[in-house]
file query-v2.cif (mmCIF, C-alpha atoms)
data_final
loop_
_atom_site.label_atom_id
_atom_site.label_comp_id
_atom_site.auth_asym_id
_atom_site.auth_seq_id
_atom_site.Cartn_x
_atom_site.Cartn_y
_atom_site.Cartn_z
CA MET B 80 0.00 0.00 0.00
CA ALA B 81 1.42 3.34 -1.03
CA THR B 82 2.15 5.79 1.75
CA THR B 83 0.67 9.26 1.62
CA GLN B 84 3.18 12.12 1.63
CA LYS B 85 2.44 15.81 2.20
CA ALA B 86 3.10 18.13 -0.71
CA ALA B 87 6.47 19.74 -0.38
CA ALA B 88 8.49 22.02 -2.55
CA PRO B 89 11.83 20.62 -3.66
CA LYS B 90 14.65 21.69 -1.43
CA ALA B 91 18.02 22.88 -2.60
CA VAL B 92 20.92 20.50 -2.21
CA LYS B 93 23.00 21.43 0.80
CA LYS B 94 26.61 22.35 0.32
CA SER B 95 29.13 20.06 1.96
CA GLU B 96 30.32 21.65 5.18
CA GLY B 97 34.03 21.70 5.87
CA PHE B 98 37.03 21.72 3.56
CA THR B 99 36.01 21.10 -0.06
CA GLY B 100 39.31 21.70 -1.85
CA ILE B 101 41.57 24.41 -3.24
CA ARG B 102 40.48 25.77 -6.60
CA GLY B 103 43.59 27.91 -7.23
CA ALA B 104 45.99 24.98 -7.65
CA PHE B 105 48.31 27.22 -9.72
CA TRP B 106 49.35 29.01 -6.53
CA ILE B 107 50.18 25.68 -4.90
CA ILE B 108 52.61 25.01 -7.75
CA VAL B 109 54.13 28.51 -7.39
CA VAL B 110 54.64 28.06 -3.64
CA CYS B 111 56.14 24.60 -4.20
CA PHE B 112 58.53 26.02 -6.79
CA ILE B 113 59.70 28.75 -4.42
CA ALA B 114 60.16 26.17 -1.66
CA ALA B 115 62.09 23.87 -4.03
CA VAL B 116 64.45 26.67 -5.12
CA CYS B 117 65.09 27.66 -1.48
CA ILE B 118 65.83 24.03 -0.54
CA PHE B 119 68.14 23.68 -3.54
CA ASN B 120 70.14 26.83 -2.81
CA PHE B 121 70.18 27.07 0.98
CA VAL B 122 69.93 23.44 2.12
CA LEU B 123 71.42 21.27 -0.60
CA GLY B 124 73.88 23.97 -1.71
CA ALA B 125 75.12 24.81 1.81
CA GLY B 126 78.93 24.86 2.17
CA GLU B 127 79.08 22.06 4.74
CA ASN B 128 77.81 19.62 2.10
CA PHE B 129 80.99 20.05 -0.01
CA GLN B 130 84.68 19.58 0.36
CA GLY B 131 86.41 22.81 1.33
CA GLY B 132 83.06 24.46 2.12
CA ASP B 133 82.50 25.48 -1.53
CA ASN B 134 79.64 24.03 -3.58
CA ALA B 135 81.87 24.19 -6.66
CA ASN B 136 83.92 21.36 -5.19
CA ALA B 137 83.11 17.66 -4.93
CA PRO B 138 80.20 16.77 -2.59
CA ALA B 139 80.96 15.62 0.96
CA ASN B 140 77.61 13.91 1.62
CA ILE B 141 74.34 12.86 0.01
CA LEU B 142 72.89 16.38 0.11
CA GLY B 143 75.83 17.69 -1.86
CA THR B 144 75.43 14.84 -4.34
CA ILE B 145 71.79 15.80 -4.88
CA TYR B 146 72.83 19.43 -5.40
CA LYS B 147 75.18 18.27 -8.16
CA GLY B 148 72.09 17.10 -10.04
CA GLY B 149 71.95 20.59 -11.49
CA VAL B 150 69.15 23.06 -12.25
CA VAL B 151 66.68 20.31 -13.13
CA VAL B 152 66.64 19.20 -9.47
CA PRO B 153 64.44 22.10 -8.19
CA VAL B 154 62.05 21.52 -11.11
CA ILE B 155 61.61 17.86 -10.18
CA HIS B 156 61.34 18.83 -6.50
CA THR B 157 58.57 21.26 -7.43
CA LEU B 158 56.64 18.43 -9.07
CA LEU B 159 57.22 16.14 -6.08
CA LEU B 160 56.14 18.79 -3.55
CA THR B 161 53.07 19.56 -5.68
CA VAL B 162 52.03 15.88 -5.62
CA LEU B 163 52.45 15.75 -1.84
CA CYS B 164 50.52 18.99 -1.26
CA LEU B 165 47.67 18.02 -3.59
CA SER B 166 47.50 14.58 -1.99
CA VAL B 167 46.94 16.21 1.40
CA GLU B 168 44.40 18.59 -0.16
CA ARG B 169 42.47 15.71 -1.80
CA THR B 170 42.55 13.68 1.41
CA LEU B 171 40.89 16.50 3.37
CA ALA B 172 38.38 17.25 0.59
CA LEU B 173 37.30 13.62 0.17
CA LYS B 174 37.02 13.23 3.92
CA THR B 175 34.43 16.01 3.85
CA ALA B 176 32.72 14.48 0.79
CA PHE B 177 32.36 11.05 2.43
CA GLY B 178 30.60 12.60 5.42
CA LYS B 179 30.80 12.00 9.14
CA GLY B 180 30.10 8.28 9.29
CA ASN B 181 30.83 4.97 7.62
CA LEU B 182 29.71 5.08 3.99
CA THR B 183 28.78 1.39 3.72
CA LYS B 184 26.72 1.55 6.92
CA PHE B 185 25.02 4.75 5.75
CA VAL B 186 23.97 3.18 2.45
CA ALA B 187 22.63 0.10 4.27
CA ASN B 188 20.64 2.27 6.72
CA ILE B 189 19.18 4.35 3.90
CA LYS B 190 18.08 1.22 2.02
CA ALA B 191 16.52 -0.16 5.22
CA ALA B 192 14.64 3.11 5.80
CA LEU B 193 13.38 3.12 2.19
CA LYS B 194 12.25 -0.49 2.50
CA ALA B 195 10.24 0.49 5.58
CA ASN B 196 8.91 3.60 3.77
CA ASP B 197 10.34 5.72 6.59
CA PHE B 198 11.43 8.79 4.64
CA ASN B 199 11.71 10.96 7.74
CA LYS B 200 14.35 8.59 9.11
CA ALA B 201 16.14 8.65 5.75
CA GLU B 202 16.27 12.45 5.87
CA GLN B 203 17.56 12.36 9.44
CA LEU B 204 20.31 9.97 8.37
CA CYS B 205 21.31 12.38 5.57
CA ASN B 206 21.35 15.36 7.91
CA ARG B 207 23.61 13.49 10.33
CA MET B 208 25.91 12.06 7.65
CA ARG B 209 26.35 15.16 5.48
CA GLY B 210 28.89 15.09 2.68
CA SER B 211 28.37 14.49 -1.05
CA VAL B 212 26.52 11.16 -0.75
CA ALA B 213 24.09 12.57 1.81
CA ASN B 214 23.49 15.65 -0.37
CA VAL B 215 22.64 13.55 -3.42
CA VAL B 216 20.39 11.17 -1.46
CA LEU B 217 18.58 14.10 0.10
CA ALA B 218 17.97 15.61 -3.35
CA SER B 219 16.51 12.28 -4.54
CA LEU B 220 14.27 12.03 -1.46
CA ASN B 221 13.00 15.56 -2.08
CA ALA B 222 12.22 14.61 -5.68
CA TYR B 223 10.38 11.50 -4.42
CA LYS B 224 8.19 13.61 -2.13
CA ASP B 225 7.62 16.12 -4.91
CA MET B 226 6.35 13.35 -7.20
CA ASN B 227 3.92 12.31 -4.46
CA SER B 228 2.47 15.80 -4.26
CA GLY B 229 -0.70 16.84 -6.03
CA ALA B 230 1.21 19.17 -8.33
CA ASN B 231 2.48 16.21 -10.36
CA VAL B 232 -0.67 14.07 -10.38
CA SER B 233 -0.96 14.40 -14.17
CA LEU B 234 2.36 12.65 -14.78
CA LYS B 235 2.52 8.93 -15.47
CA LYS B 236 4.45 6.64 -13.13
CA ALA B 237 7.28 6.15 -15.63
CA GLN B 238 7.63 9.92 -15.96
CA LYS B 239 7.75 10.35 -12.19
CA VAL B 240 10.43 7.68 -11.85
CA ALA B 241 12.39 9.42 -14.60
CA LYS B 242 12.07 12.73 -12.71
CA ILE B 243 13.45 11.14 -9.55
CA GLN B 244 16.36 9.64 -11.49
CA GLN B 245 16.98 12.98 -13.19
CA ALA B 246 17.13 14.77 -9.83
CA HIS B 247 19.59 12.15 -8.60
CA GLU B 248 21.82 12.52 -11.67
CA GLU B 249 21.77 16.33 -11.53
CA ALA B 250 22.74 16.33 -7.85
CA THR B 251 25.54 13.86 -8.62
CA GLN B 252 26.87 16.06 -11.41
CA LEU B 253 26.95 19.02 -9.03
CA GLU B 254 29.13 17.08 -6.59
CA MET B 255 31.53 15.43 -9.07
CA PRO B 256 33.63 18.55 -9.94
CA THR B 257 34.49 18.97 -6.25
CA LEU B 258 35.48 15.30 -5.96
CA GLN B 259 37.69 15.29 -9.07
CA MET B 260 39.22 18.74 -8.62
CA ASN B 261 43.06 18.85 -9.00
CA LEU B 262 43.29 15.17 -9.95
CA PRO B 263 44.15 16.07 -13.59
CA ILE B 264 47.23 17.91 -12.27
CA ILE B 265 48.40 14.80 -10.40
CA ALA B 266 47.72 12.70 -13.52
CA THR B 267 49.84 15.09 -15.60
CA ILE B 268 52.74 14.87 -13.13
CA VAL B 269 52.72 11.07 -13.54
CA THR B 270 54.20 11.58 -17.02
CA LEU B 271 55.87 14.94 -16.45
CA GLY B 272 57.98 13.62 -13.56
CA THR B 273 59.51 10.88 -15.71
CA LEU B 274 60.09 13.21 -18.67
CA THR B 275 61.74 15.85 -16.48
CA GLY B 276 63.98 13.20 -14.91
CA LEU B 277 64.89 12.03 -18.41
CA LEU B 278 65.75 15.60 -19.37
CA GLY B 279 68.07 15.83 -16.37
CA THR B 280 69.63 12.50 -17.33
CA VAL B 281 70.35 13.72 -20.85
CA THR B 282 71.87 17.03 -19.68
CA GLY B 283 74.02 15.13 -17.17
CA MET B 284 75.32 12.74 -19.81
CA ILE B 285 76.06 15.65 -22.13
CA ARG B 286 78.17 17.20 -19.39
CA SER B 287 79.98 13.90 -18.85
CA PHE B 288 80.86 13.49 -22.52
CA GLN B 289 82.00 17.10 -22.69
CA ALA B 290 84.42 16.34 -19.85
CA LEU B 291 85.71 13.28 -21.73
CA ALA B 292 86.14 15.29 -24.92
CA ALA B 293 88.04 18.07 -23.15
CA GLY B 294 91.30 16.12 -23.11
CA GLY B 295 93.00 12.75 -22.77
CA GLY B 296 91.47 11.22 -19.66
CA GLY B 297 89.07 14.06 -19.02
CA ASP B 298 88.49 16.15 -15.92
CA SER B 299 87.49 13.64 -13.22
CA LEU B 300 85.50 16.26 -11.26
CA ALA B 301 83.54 17.38 -14.32
CA LEU B 302 83.00 13.77 -15.32
CA SER B 303 81.71 12.75 -11.90
CA THR B 304 79.53 15.87 -11.74
CA GLY B 305 77.87 14.99 -15.03
CA ILE B 306 77.25 11.39 -13.99
CA SER B 307 75.82 12.56 -10.65
CA GLU B 308 73.47 14.94 -12.44
CA ALA B 309 72.24 12.12 -14.68
CA LEU B 310 71.68 9.61 -11.88
CA ILE B 311 70.17 12.04 -9.35
CA ASN B 312 67.66 13.39 -11.84
CA THR B 313 66.72 9.88 -12.99
CA ALA B 314 66.11 8.81 -9.40
CA PHE B 315 64.01 11.84 -8.46
CA GLY B 316 62.02 11.64 -11.68
CA ILE B 317 61.12 8.01 -10.94
CA VAL B 318 60.23 8.80 -7.31
CA THR B 319 58.02 11.72 -8.40
CA SER B 320 56.11 9.63 -10.95
CA TRP B 321 55.84 6.77 -8.46
CA CYS B 322 54.22 9.04 -5.85
CA ALA B 323 51.93 10.61 -8.46
CA VAL B 324 50.72 7.20 -9.74
CA ILE B 325 49.94 5.96 -6.23
CA SER B 326 48.18 9.21 -5.31
CA TYR B 327 46.09 9.34 -8.50
CA ASN B 328 45.01 5.70 -8.34
CA TYR B 329 44.21 5.93 -4.63
CA PHE B 330 41.93 8.95 -5.00
CA THR B 331 40.34 7.64 -8.19
CA ASN B 332 39.46 4.44 -6.36
CA LYS B 333 37.95 6.44 -3.49
CA ILE B 334 35.81 8.45 -5.92
CA ASP B 335 34.69 5.27 -7.71
CA LYS B 336 33.62 3.82 -4.36
CA LEU B 337 31.60 6.95 -3.58
CA THR B 338 30.04 7.01 -7.07
CA TYR B 339 29.01 3.35 -6.72
CA ALA B 340 27.31 4.17 -3.40
CA LEU B 341 25.45 7.05 -5.07
CA ASP B 342 24.25 4.84 -7.92
CA GLU B 343 23.16 2.11 -5.49
CA VAL B 344 21.06 4.46 -3.36
CA GLY B 345 19.64 6.28 -6.39
CA TYR B 346 18.48 2.97 -7.87
CA SER B 347 16.91 1.98 -4.53
CA ILE B 348 14.93 5.22 -4.30
CA ALA B 349 13.59 4.84 -7.85
CA GLN B 350 12.70 1.18 -7.25
CA THR B 351 10.95 2.05 -3.99
CA TYR B 352 8.74 4.54 -5.81
CA GLU B 353 7.83 1.95 -8.44
CA VAL B 354 6.93 -0.65 -5.77
CA ASN B 355 4.89 1.80 -3.70
CA HIS B 356 2.97 2.96 -6.76
CA ALA B 357 2.53 -0.35 -8.56
CA ASP B 358 -1.16 0.36 -9.05
CA GLU B 359 -0.51 3.51 -11.07
CA ALA B 360 -0.39 3.55 -14.87
#

call {"tool": "encode", "arguments": {"input": "query-v2.cif", "output": "structure tokens"}}
result
Amino acid sequence: MATTQKAAAPKAVKKSEGFTGIRGAFWIIVVCFIAAVCIFNFVLGAGENFQGGDNANAPANILGTIYKGGVVVPVIHTLLLTVLCLSVERTLALKTAFGKGNLTKFVANIKAALKANDFNKAEQLCNRMRGSVANVVLASLNAYKDMNSGANVSLKKAQKVAKIQQAHEEATQLEMPTLQMNLPIIATIVTLGTLTGLLGTVTGMIRSFQALAAGGGGDSLALSTGISEALINTAFGIVTSWCAVISYNYFTNKIDKLTYALDEVGYSIAQTYEVNHADEA
């Protein structure tokens, strides 16, 4: 038997409360570049990291060896710092999007409330959970109640179900840009880190061959400097791409999990309407 709902105007989808992400990611890159240059010049290039206290000499420790990687080092460090900063930013943003409780338990509770036709309880669960999933579910519940109102009595059941599904999809599309924000930058760094490391490797090898071509046995300091530049940049390029791949795949998987939960609840709401109004044409 279909439950009777009071007519209600559709409510606007609530905005997720809390941190939802940084839109000006360009400034994150700028800050990371400044930090990378400062680390390169004042930490890695400090005199105590080199023999004789001069960074023109051979390195005395690992920091000096990294400094010998050349000007490509701060560029790769910028990419690495950007990945780390955006990973923290995405972690905080997705934490807000997932809400204040366990997502799996929330979906199960919503489905149980819909099965019992207890829409007030479902709304209470959304208000407690908050986040992107709760916002989308609440929009679908509002559409459900709107289809039960007298204002839409002229619509056929299939049209009403389509309206509920449309409300669900529109609310989902409003939330998706926030969830995926800045992920394209991390995806770009996956490739850019390796290419930048390769560039540093090539410049280092060029310097090494120049040292060999300078005379008989070559300048050992110039030769070792060129080899250091090649190897250091290769290593940091690989590490940067490695971190970017892990970060991108991790957050993509989290978003897929959230999207699946949205689809599952949206389907349940539409099916509940069809079951409760089986006698309608």

call {"tool": "resolve_selection", "arguments": {"input": "query-v2.cif", "expression": "the PyMOL selection byres ((chain B and resi 179-181) around 12)", "output": "list in words"}}
result
Ser95, Glu96, Gly97, Leu173, Lys174, Thr175, Ala176, Phe177, Gly178, Leu182, Thr183, Lys184, Phe185, Val186, Ala187, Asn188, Leu204, Cys205, Asn206, Arg207, Met208, Arg209, Gly210, Ser211, Val212, Ala213, Leu337 and Ala340 of chain B

call {"tool": "closest_residue", "arguments": {"input": "query-v2.cif", "among": "B:Asn136, B:Thr351, B:Ser233, B:Thr319", "to": "Thr304 (chain B)", "atoms": "all atoms listed in the file"}}
result
B:Asn136

call {"tool": "atom_distance", "arguments": {"input": "query-v2.cif", "atom1": "CA of Ser347 (chain B)", "atom2": "CA of Thr331 (chain B)"}}
result
24.4 Å

call {"tool": "atom_distance", "arguments": {"input": "query-v2.cif", "atom1": "CA of His247 (chain B)", "atom2": "CA of Ala191 (chain B)"}}
result
18.8 Å

call {"tool": "resolve_selection", "arguments": {"input": "query-v2.cif", "expression": "the PyMOL selection byres ((chain B and resi 284) around 8)", "output": "ChimeraX atom specification"}}
result
/B:280-283,285-288,305-306,308-309

call {"tool": "resolve_selection", "arguments": {"input": "query-v2.cif", "expression": "the PyMOL selection byres ((chain B and resi 194) around 10)", "output": "list in words"}}
result
Asn188, Ile189, Lys190, Ala191, Ala192, Leu193, Ala195, Asn196, Asp197, Phe198, Ser347, Ile348, Gln350, Thr351, Val354 and Asn355 of chain B

call {"tool": "residues_around", "arguments": {"input": "query-v2.cif", "residues": "Gln259 (chain B)", "least_positions_apart": "2", "cutoff": "12 Å", "atoms": "only C-alpha atoms", "output": "ChimeraX atom specification"}}
result
/B:99-102,165,168-170,172-173,176,252-257,261-266,327,330-335,337-338

call {"tool": "write_last_selection", "arguments": {"input": "query-v2.cif", "atoms": "C-alpha atoms", "output": "PDB file, in the frame of the given file"}}
result
ATOM      1  CA  THR B  99      36.010  21.100  -0.060  1.00  0.00           C
ATOM      2  CA  GLY B 100      39.310  21.700  -1.850  1.00  0.00           C
ATOM      3  CA  ILE B 101      41.570  24.410  -3.240  1.00  0.00           C
ATOM      4  CA  ARG B 102      40.480  25.770  -6.600  1.00  0.00           C
ATOM      5  CA  LEU B 165      47.670  18.020  -3.590  1.00  0.00           C
ATOM      6  CA  GLU B 168      44.400  18.590  -0.160  1.00  0.00           C
ATOM      7  CA  ARG B 169      42.470  15.710  -1.800  1.00  0.00           C
ATOM      8  CA  THR B 170      42.550  13.680   1.410  1.00  0.00           C
ATOM      9  CA  ALA B 172      38.380  17.250   0.590  1.00  0.00           C
ATOM     10  CA  LEU B 173      37.300  13.620   0.170  1.00  0.00           C
ATOM     11  CA  ALA B 176      32.720  14.480   0.790  1.00  0.00           C
ATOM     12  CA  GLN B 252      26.870  16.060 -11.410  1.00  0.00           C
ATOM     13  CA  LEU B 253      26.950  19.020  -9.030  1.00  0.00           C
ATOM     14  CA  GLU B 254      29.130  17.080  -6.590  1.00  0.00           C
ATOM     15  CA  MET B 255      31.530  15.430  -9.070  1.00  0.00           C
ATOM     16  CA  PRO B 256      33.630  18.550  -9.940  1.00  0.00           C
ATOM     17  CA  THR B 257      34.490  18.970  -6.250  1.00  0.00           C
ATOM     18  CA  ASN B 261      43.060  18.850  -9.000  1.00  0.00           C
ATOM     19  CA  LEU B 262      43.290  15.170  -9.950  1.00  0.00           C
ATOM     20  CA  PRO B 263      44.150  16.070 -13.590  1.00  0.00           C
ATOM     21  CA  ILE B 264      47.230  17.910 -12.270  1.00  0.00           C
ATOM     22  CA  ILE B 265      48.400  14.800 -10.400  1.00  0.00           C
ATOM     23  CA  ALA B 266      47.720  12.700 -13.520  1.00  0.00           C
ATOM     24  CA  TYR B 327      46.090   9.340  -8.500  1.00  0.00           C
ATOM     25  CA  PHE B 330      41.930   8.950  -5.000  1.00  0.00           C
ATOM     26  CA  THR B 331      40.340   7.640  -8.190  1.00  0.00           C
ATOM     27  CA  ASN B 332      39.460   4.440  -6.360  1.00  0.00           C
ATOM     28  CA  LYS B 333      37.950   6.440  -3.490  1.00  0.00           C
ATOM     29  CA  ILE B 334      35.810   8.450  -5.920  1.00  0.00           C
ATOM     30  CA  ASP B 335      34.690   5.270  -7.710  1.00  0.00           C
ATOM     31  CA  LEU B 337      31.600   6.950  -3.580  1.00  0.00           C
ATOM     32  CA  THR B 338      30.040   7.010  -7.070  1.00  0.00           C
TER      33      THR B 338
END

call {"tool": "atom_distance", "arguments": {"input": "query-v2.cif", "atom1": "CA of Val109 (chain B)", "atom2": "CA of Thr273 (chain B)"}}
result
20.2 Å

call {"tool": "residues_around", "arguments": {"input": "query-v2.cif", "residues": "region 115-120 of chain B", "least_positions_apart": "4", "cutoff": "7 Å", "atoms": "only C-alpha atoms", "output": "ChimeraX atom specification"}}
result
/B:111,124,146,153,156-157

call {"tool": "closest_residue", "arguments": {"input": "query-v2.cif", "among": "B:Cys322, B:Val152, B:Leu271, B:Val240", "to": "Glu353 (chain B)", "atoms": "all atoms listed in the file"}}
result
B:Val240

call {"tool": "residues_around", "arguments": {"input": "query-v2.cif", "residues": "Gly143 (chain B)", "least_positions_apart": "3", "cutoff": "10 Å", "atoms": "only C-alpha atoms", "output": "number ranges by chain"}}
result
B: 119, 122-130, 134, 136-140, 146-148

call {"tool": "closest_residue", "arguments": {"input": "query-v2.cif", "among": "B:Asn199, B:Gly279, B:Ser320, B:Ile311", "to": "Thr144 (chain B)", "atoms": "only C-alpha atoms"}}
result
B:Ile311

call {"tool": "axis_aligned_box", "arguments": {"input": "query-v2.cif", "around": "region 150-158 of chain B", "padding_each_side": "4 Å", "output": "AutoDock Vina command-line options"}}
result
--center_x 62.9 --center_y 20.5 --center_z -9.8 --size_x 20.5 --size_y 13.2 --size_z 14.6
